[in-house]
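Engineer: Okay, handing you the structure first.
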Amino acid sequence: MPISSSPYAAFAALLASCGHSVSPAELHGLLLGRSCAGAGFEIDPWLVDAAELLGGEPQDRVRQALIGLQEMVKNELSAHDVTVVLLLPSDEAPLSERAVALGQWCQGFLGGFGLTARDSALSGEAMEVLQDLSAIAQVQNALEESEDGESDYMEVMEYLRVAPLLLFSECAQPVAPAVKPSLH
């Protein structure tokens with residue numbers, strides 16, 4: 001199976017053809033981070049944040065891809081059986097390329113979460129997840145092309161499919177409206 005047939009490769013090619021040097025992994029991380037922090041799923045604020053990362057207003061094809069990415073994340077986080085699919089290079093890509101993208105995804109997630117996070121204190125567990133993501137963002141040079149490296153990468157991937165859900169469940173709950181006093 002050629003690597004270019006992956007959604008990641010197709011999105012990377014689209015971004016590059018429009019002059020953007022941002023990786024799809026970082027964009028997806030940004031989107032998921034802001035969503036988990038409680039940004040909601042409105043298209044316009046997402047496009048504003050994406051444009052800032054892209055360094056300018058996205059062209060129509062990129063804009064449509066970003067809207068599609070938003071819909072995918074919204075569907076994933078709104079489903080009863082919540083599963084997160086990370087936008088990363090396919091398993092056929094070299095481990096070094098996948099590790100770099102993994103670091104970019106974590107950087108994007110942390111950036112998106114930081115843009116959106118409310119002032120309320122996070123639980124110790126949530127803080128630990130953010131610290132883990134920060135450490136994983138630095139992993140790109142630590143994984144070696146070996147069976148152990150592949151195993152380590154897969155463990156990190158499994159963690160990243162679940163860890164953001166803790167932050168989403170803690171931070172993205174709608175704020176309860178203030179109770180209005182009755183005028184009886």
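In the structure tokens, chains take the letters A, B, ... in the order shown, each chain's residues start at 1, and ligands count up from 1 in the order shown.
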So that I can check the secondary structure, give me every residue of stretch 54-165 of chain A assigned helix (DSSP H, G or I) by backbone DSSP, as an MDAnalysis selection string.
Structural biologist: chainID A and resid 54 60:78 95:116 124:136 139:141 147:165
Engineer: Stretch 21-27 of chain A: which residues within 10 Å, counting only C-alpha atoms, same-chain residues fewer than 4 positions away excluded, as a PyMOL selection string?
Structural biologist: chain A and resi 7-17+31-33+49-50+53-55+66+69+86-89+98+100-112
Engineer: Name the residues in contact with stretch 145-160 of chain A at a cut-off of 8 Å, using only C-alpha atoms, excluding same-chain residues fewer than 4 positions from it; report them as a list in words.
Structural biologist: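 Listing them by chain and then by number gives Pro94, Leu95, Ser96, Ala99, Ile136 and Pro164 of chain A.
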Engineer: Considering only C-alpha atoms, can you say which of A:Ser134, A:Ser78, A:Thr83, A:Ser120 comes closest to A:Ala37?
Structural biologist: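 Under the stated criterion, the closest residue is A:Ser120.
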Engineer: What is the distance, in Å and to one decimal place, between atom CA of A:Glu76 and atom CA of A:His28?
Structural biologist: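 Atom CA of A:Glu76 sits 12.7 Å away from atom CA of A:His28.
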Engineer: With only C-alpha atoms as the atoms that count, which of A:Gln70, A:Gly38, A:Asn75, A:Asp81 lies nearest to A:Asp119?
Structural biologist: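 Counting only C-alpha atoms, the residue closest to A:Asp119 is A:Gly38.
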Engineer: Could you check which of A:Glu170, A:Ile67, A:Trp46, A:Leu30 is closest to A:Gly124, using only C-alpha atoms?
Structural biologist: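 Checking each candidate against A:Gly124, we get A:Glu170 as the closest.
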Engineer: So the first atom is atom CA of A:Cys36 and the second is atom CA of A:Arg118; what is the distance between them in Å, to one decimal place?
Structural biologist: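 According to the coordinates, atom CA of A:Cys36 and atom CA of A:Arg118 are separated by 11.2 Å.
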Engineer: Could you please determine the separation between atom CA of A:Ala93 and atom CA of A:Val129 in Å, to one decimal place?
Structural biologist: 26.8 Å
